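K.L.:
Structure file final-v3.cif (mmCIF, C-alpha atoms) is given on the next line.
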data_work
loop_
_atom_site.label_atom_id
_atom_site.label_comp_id
_atom_site.auth_asym_id
_atom_site.auth_seq_id
_atom_site.Cartn_x
_atom_site.Cartn_y
_atom_site.Cartn_z
CA MET G 9 1.12 1.49 18.99
CA THR G 10 2.00 0.43 15.47
CA PHE G 11 -1.08 0.00 13.34
CA ARG G 12 -0.83 -1.85 10.07
CA PHE G 13 -3.56 -1.30 7.52
CA ALA G 14 -3.08 -4.55 5.57
CA LEU G 15 -2.99 -8.07 6.90
CA PRO G 16 0.19 -10.09 6.34
CA LEU G 17 0.48 -11.13 2.70
CA SER G 18 1.63 -14.40 1.19
CA ASP G 19 4.64 -14.33 -1.13
CA THR G 20 2.31 -14.83 -4.10
CA ASP G 21 0.11 -11.91 -3.07
CA LEU G 22 3.14 -9.69 -2.50
CA GLN G 23 4.54 -10.54 -5.94
CA ALA G 24 1.19 -9.78 -7.56
CA LEU G 25 1.02 -6.42 -5.79
CA MET G 26 4.58 -5.57 -6.83
CA VAL G 27 3.74 -6.32 -10.47
CA THR G 28 0.63 -4.17 -10.15
CA TYR G 29 2.61 -1.40 -8.46
CA THR G 30 5.25 -1.33 -11.18
CA HIS G 31 3.20 -2.17 -14.29
CA GLY G 32 -0.44 -1.37 -13.49
CA LYS G 33 -2.30 0.46 -16.26
CA LYS G 34 -3.94 3.08 -14.06
CA PRO G 35 -2.15 5.40 -11.62
CA ALA G 36 -4.77 4.91 -8.89
CA LEU G 37 -4.31 1.13 -9.03
CA ARG G 38 -0.52 1.53 -8.76
CA ARG G 39 -0.89 3.86 -5.75
CA ARG G 40 -3.24 1.45 -3.98
CA ALA G 41 -0.90 -1.49 -4.55
CA HIS G 42 2.04 0.59 -3.27
CA THR G 43 0.11 1.52 -0.12
CA ILE G 44 -0.71 -2.11 0.64
CA VAL G 45 2.92 -3.16 0.09
CA LEU G 46 4.15 -0.41 2.42
CA SER G 47 1.72 -1.49 5.12
CA HIS G 48 2.78 -5.11 4.70
CA ARG G 49 6.39 -4.03 5.17
CA GLY G 50 5.53 -2.54 8.55
CA HIS G 51 4.98 1.15 7.81
CA THR G 52 2.31 2.79 9.93
CA ILE G 53 -0.58 4.73 8.45
CA ASN G 54 1.00 8.00 9.62
CA GLN G 55 4.24 7.14 7.80
CA ILE G 56 2.36 6.17 4.64
CA CYS G 57 0.29 9.39 4.79
CA ASN G 58 3.51 11.40 4.66
CA ILE G 59 4.54 9.83 1.35
CA PRO G 60 3.34 12.00 -1.55
CA GLY G 61 0.83 10.29 -3.81
CA THR G 62 -0.40 7.60 -1.42
CA PRO G 63 -4.19 7.29 -1.31
CA ILE G 64 -4.75 7.44 2.44
CA ALA G 65 -6.55 10.52 3.68
CA GLY G 66 -5.48 12.38 6.81
CA ASN G 67 -8.08 10.49 8.85
CA GLY G 68 -6.27 7.18 8.35
CA LYS G 69 -8.84 5.67 6.01
CA MET G 70 -7.96 4.40 2.59
CA PHE G 71 -9.81 6.16 -0.26
#
Output the file's structure as C-alpha cells, nothing else.

P.N.:
Amino acid sequence: MTFRFALPLSDTDLQALMVTYTHGKKPALRRRAHTIVLSHRGHTINQICNIPGTPIAGNGKMF
C-alpha cells in the first residue's frame, strides 16, 4: 500500500512550497516544505524517511 502524507496540492500551493523549499529563511521550514513536495510527488513515508534531513521520524509521523 502506498501511503501519501500530504493531500494533492494545487499548482499554486506547489509553487509556494517550492519557493519556500528553495528560499525559506529557516532550515526547518525548508525541510518541511521539501517533505510535503516529496509526498505530493508520490513518495511514500518510508522513502522520505530514508532521505537525510527530512523531518519525519521513524514512526511515520511528521515532527

K.L.:
Using Å and a single decimal, report how far CA of Leu17 in chain G sits from CA of Ile56 in chain G.

P.N.:
17.5 Å

K.L.:
Work out how far apart CA of Gly61 in chain G and CA of Gln23 in chain G are and give it in Å to one decimal.

P.N.:
21.3 Å

K.L.:
Report, in Å to a single decimal, how far apart CA of Ile53 in chain G and CA of Leu22 in chain G are.

P.N.:
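These atoms are spaced 18.5 Å apart.
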
K.L.:
For range 33-43 of chain G, please output as a PDB file with C-alpha atoms, in the coordinates of the input all residues within 8 Å (counting only C-alpha atoms; exclusion window: fewer than 3 positions along the same chain).

P.N.:
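part-v8.pdb was written with the following content:
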ATOM      1  CA  LEU G  25       1.020  -6.420  -5.790  1.00  0.00           C
ATOM      2  CA  MET G  26       4.580  -5.570  -6.830  1.00  0.00           C
ATOM      3  CA  THR G  28       0.630  -4.170 -10.150  1.00  0.00           C
ATOM      4  CA  TYR G  29       2.610  -1.400  -8.460  1.00  0.00           C
ATOM      5  CA  THR G  30       5.250  -1.330 -11.180  1.00  0.00           C
ATOM      6  CA  LEU G  46       4.150  -0.410   2.420  1.00  0.00           C
ATOM      7  CA  SER G  47       1.720  -1.490   5.120  1.00  0.00           C
ATOM      8  CA  ILE G  56       2.360   6.170   4.640  1.00  0.00           C
ATOM      9  CA  GLY G  61       0.830  10.290  -3.810  1.00  0.00           C
ATOM     10  CA  THR G  62      -0.400   7.600  -1.420  1.00  0.00           C
ATOM     11  CA  PRO G  63      -4.190   7.290  -1.310  1.00  0.00           C
TER      12      PRO G  63
END

K.L.:
Please write out, as JSON, where the centre of an axis-aligned box around all listed atoms of range 29-43 of chain G lies and how long its edges are, in Å to one decimal, after adding 3 Å on each side.

P.N.:
{"center_x": 0.2, "center_y": 1.6, "center_z": -8.2, "size_x": 16.0, "size_y": 13.6, "size_z": 22.1}

K.L.:
Which residues fall under the PyMOL selection byres ((chain G and resi 16) around 12) in this file, as a JSON list (two decimals) with C-alpha atoms, in the coordinates of the input?

P.N.:
[["chain", "number", "residue", "atom", "x", "y", "z"],
["G", 12, "ARG", "CA", -0.83, -1.85, 10.07],
["G", 13, "PHE", "CA", -3.56, -1.30, 7.52],
["G", 14, "ALA", "CA", -3.08, -4.55, 5.57],
["G", 15, "LEU", "CA", -2.99, -8.07, 6.90],
["G", 17, "LEU", "CA", 0.48, -11.13, 2.70],
["G", 18, "SER", "CA", 1.63, -14.40, 1.19],
["G", 19, "ASP", "CA", 4.64, -14.33, -1.13],
["G", 20, "THR", "CA", 2.31, -14.83, -4.10],
["G", 21, "ASP", "CA", 0.11, -11.91, -3.07],
["G", 22, "LEU", "CA", 3.14, -9.69, -2.50],
["G", 44, "ILE", "CA", -0.71, -2.11, 0.64],
["G", 45, "VAL", "CA", 2.92, -3.16, 0.09],
["G", 46, "LEU", "CA", 4.15, -0.41, 2.42],
["G", 47, "SER", "CA", 1.72, -1.49, 5.12],
["G", 48, "HIS", "CA", 2.78, -5.11, 4.70],
["G", 49, "ARG", "CA", 6.39, -4.03, 5.17],
["G", 50, "GLY", "CA", 5.53, -2.54, 8.55]]

K.L.:
Missing atoms in range 49-60 of chain G should be modelled up to all heavy atoms and reported as a PDB file, keeping the file's coordinate frame.

P.N.:
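What ended up in rebuild-v5.pdb:
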ATOM      1  N   ARG G  49       4.991  -4.126   4.755  1.00  0.00           N
ATOM      2  CA  ARG G  49       6.390  -4.030   5.170  1.00  0.00           C
ATOM      3  C   ARG G  49       6.562  -3.384   6.541  1.00  0.00           C
ATOM      4  O   ARG G  49       7.687  -3.190   7.010  1.00  0.00           O
ATOM      5  CB  ARG G  49       7.184  -3.253   4.128  1.00  0.00           C
ATOM      6  CG  ARG G  49       7.344  -4.033   2.851  1.00  0.00           C
ATOM      7  CD  ARG G  49       8.178  -3.306   1.847  1.00  0.00           C
ATOM      8  NE  ARG G  49       8.400  -4.137   0.675  1.00  0.00           N
ATOM      9  CZ  ARG G  49       8.855  -3.688  -0.470  1.00  0.00           C
ATOM     10  NH1 ARG G  49       9.141  -2.403  -0.617  1.00  0.00           N
ATOM     11  NH2 ARG G  49       9.022  -4.507  -1.486  1.00  0.00           N
ATOM     12  N   GLY G  50       5.443  -3.028   7.185  1.00  0.00           N
ATOM     13  CA  GLY G  50       5.530  -2.540   8.550  1.00  0.00           C
ATOM     14  C   GLY G  50       5.391  -1.049   8.739  1.00  0.00           C
ATOM     15  O   GLY G  50       5.482  -0.554   9.863  1.00  0.00           O
ATOM     16  N   HIS G  51       5.163  -0.300   7.668  1.00  0.00           N
ATOM     17  CA  HIS G  51       4.980   1.150   7.810  1.00  0.00           C
ATOM     18  C   HIS G  51       3.619   1.424   8.441  1.00  0.00           C
ATOM     19  O   HIS G  51       2.634   0.746   8.149  1.00  0.00           O
ATOM     20  CB  HIS G  51       5.055   1.843   6.441  1.00  0.00           C
ATOM     21  CG  HIS G  51       6.409   1.788   5.832  1.00  0.00           C
ATOM     22  ND1 HIS G  51       7.392   2.695   6.128  1.00  0.00           N
ATOM     23  CD2 HIS G  51       6.952   0.920   4.946  1.00  0.00           C
ATOM     24  CE1 HIS G  51       8.488   2.396   5.443  1.00  0.00           C
ATOM     25  NE2 HIS G  51       8.248   1.313   4.724  1.00  0.00           N
ATOM     26  N   THR G  52       3.573   2.419   9.304  1.00  0.00           N
ATOM     27  CA  THR G  52       2.310   2.790   9.930  1.00  0.00           C
ATOM     28  C   THR G  52       1.523   3.684   8.974  1.00  0.00           C
ATOM     29  O   THR G  52       2.064   4.213   7.994  1.00  0.00           O
ATOM     30  CB  THR G  52       2.550   3.570  11.240  1.00  0.00           C
ATOM     31  OG1 THR G  52       3.201   4.796  10.934  1.00  0.00           O
ATOM     32  CG2 THR G  52       3.367   2.751  12.226  1.00  0.00           C
ATOM     33  N   ILE G  53       0.249   3.869   9.295  1.00  0.00           N
ATOM     34  CA  ILE G  53      -0.580   4.730   8.450  1.00  0.00           C
ATOM     35  C   ILE G  53      -0.030   6.152   8.441  1.00  0.00           C
ATOM     36  O   ILE G  53       0.002   6.801   7.388  1.00  0.00           O
ATOM     37  CB  ILE G  53      -2.046   4.701   8.931  1.00  0.00           C
ATOM     38  CG1 ILE G  53      -2.659   3.346   8.580  1.00  0.00           C
ATOM     39  CG2 ILE G  53      -2.856   5.822   8.304  1.00  0.00           C
ATOM     40  CD1 ILE G  53      -4.079   3.168   9.015  1.00  0.00           C
ATOM     41  N   ASN G  54       0.437   6.637   9.579  1.00  0.00           N
ATOM     42  CA  ASN G  54       1.000   8.000   9.620  1.00  0.00           C
ATOM     43  C   ASN G  54       2.219   8.111   8.705  1.00  0.00           C
ATOM     44  O   ASN G  54       2.400   9.136   8.031  1.00  0.00           O
ATOM     45  CB  ASN G  54       1.368   8.388  11.043  1.00  0.00           C
ATOM     46  CG  ASN G  54       0.155   8.686  11.879  1.00  0.00           C
ATOM     47  OD1 ASN G  54      -0.910   9.014  11.353  1.00  0.00           O
ATOM     48  ND2 ASN G  54       0.287   8.555  13.183  1.00  0.00           N
ATOM     49  N   GLN G  55       3.068   7.107   8.686  1.00  0.00           N
ATOM     50  CA  GLN G  55       4.240   7.140   7.800  1.00  0.00           C
ATOM     51  C   GLN G  55       3.804   7.113   6.335  1.00  0.00           C
ATOM     52  O   GLN G  55       4.352   7.835   5.515  1.00  0.00           O
ATOM     53  CB  GLN G  55       5.155   5.954   8.089  1.00  0.00           C
ATOM     54  CG  GLN G  55       5.847   6.032   9.424  1.00  0.00           C
ATOM     55  CD  GLN G  55       6.562   4.739   9.775  1.00  0.00           C
ATOM     56  OE1 GLN G  55       6.124   3.648   9.427  1.00  0.00           O
ATOM     57  NE2 GLN G  55       7.675   4.869  10.504  1.00  0.00           N
ATOM     58  N   ILE G  56       2.830   6.276   6.021  1.00  0.00           N
ATOM     59  CA  ILE G  56       2.360   6.170   4.640  1.00  0.00           C
ATOM     60  C   ILE G  56       1.700   7.471   4.198  1.00  0.00           C
ATOM     61  O   ILE G  56       1.878   7.919   3.061  1.00  0.00           O
ATOM     62  CB  ILE G  56       1.409   4.965   4.480  1.00  0.00           C
ATOM     63  CG1 ILE G  56       2.163   3.652   4.741  1.00  0.00           C
ATOM     64  CG2 ILE G  56       0.778   4.938   3.095  1.00  0.00           C
ATOM     65  CD1 ILE G  56       1.275   2.425   4.853  1.00  0.00           C
ATOM     66  N   CYS G  57       0.959   8.120   5.112  1.00  0.00           N
ATOM     67  CA  CYS G  57       0.290   9.390   4.790  1.00  0.00           C
ATOM     68  C   CYS G  57       1.297  10.474   4.410  1.00  0.00           C
ATOM     69  O   CYS G  57       0.968  11.389   3.651  1.00  0.00           O
ATOM     70  CB  CYS G  57      -0.539   9.873   5.958  1.00  0.00           C
ATOM     71  SG  CYS G  57      -2.051   8.959   6.225  1.00  0.00           S
ATOM     72  N   ASN G  58       2.497  10.391   4.946  1.00  0.00           N
ATOM     73  CA  ASN G  58       3.510  11.400   4.660  1.00  0.00           C
ATOM     74  C   ASN G  58       4.231  11.178   3.339  1.00  0.00           C
ATOM     75  O   ASN G  58       5.071  11.990   2.959  1.00  0.00           O
ATOM     76  CB  ASN G  58       4.517  11.462   5.805  1.00  0.00           C
ATOM     77  CG  ASN G  58       3.904  12.044   7.059  1.00  0.00           C
ATOM     78  OD1 ASN G  58       3.070  12.945   6.988  1.00  0.00           O
ATOM     79  ND2 ASN G  58       4.298  11.544   8.206  1.00  0.00           N
ATOM     80  N   ILE G  59       3.928  10.103   2.647  1.00  0.00           N
ATOM     81  CA  ILE G  59       4.540   9.830   1.350  1.00  0.00           C
ATOM     82  C   ILE G  59       3.651  10.443   0.275  1.00  0.00           C
ATOM     83  O   ILE G  59       2.465  10.099   0.185  1.00  0.00           O
ATOM     84  CB  ILE G  59       4.692   8.319   1.106  1.00  0.00           C
ATOM     85  CG1 ILE G  59       5.593   7.711   2.171  1.00  0.00           C
ATOM     86  CG2 ILE G  59       5.244   8.048  -0.303  1.00  0.00           C
ATOM     87  CD1 ILE G  59       5.644   6.196   2.147  1.00  0.00           C
ATOM     88  N   PRO G  60       4.170  11.372  -0.516  1.00  0.00           N
ATOM     89  CA  PRO G  60       3.340  12.000  -1.550  1.00  0.00           C
ATOM     90  C   PRO G  60       2.753  10.973  -2.513  1.00  0.00           C
ATOM     91  O   PRO G  60       3.426  10.034  -2.930  1.00  0.00           O
ATOM     92  CB  PRO G  60       4.320  12.925  -2.287  1.00  0.00           C
ATOM     93  CG  PRO G  60       5.433  13.137  -1.325  1.00  0.00           C
ATOM     94  CD  PRO G  60       5.522  11.883  -0.500  1.00  0.00           C
TER      95      PRO G  60
END
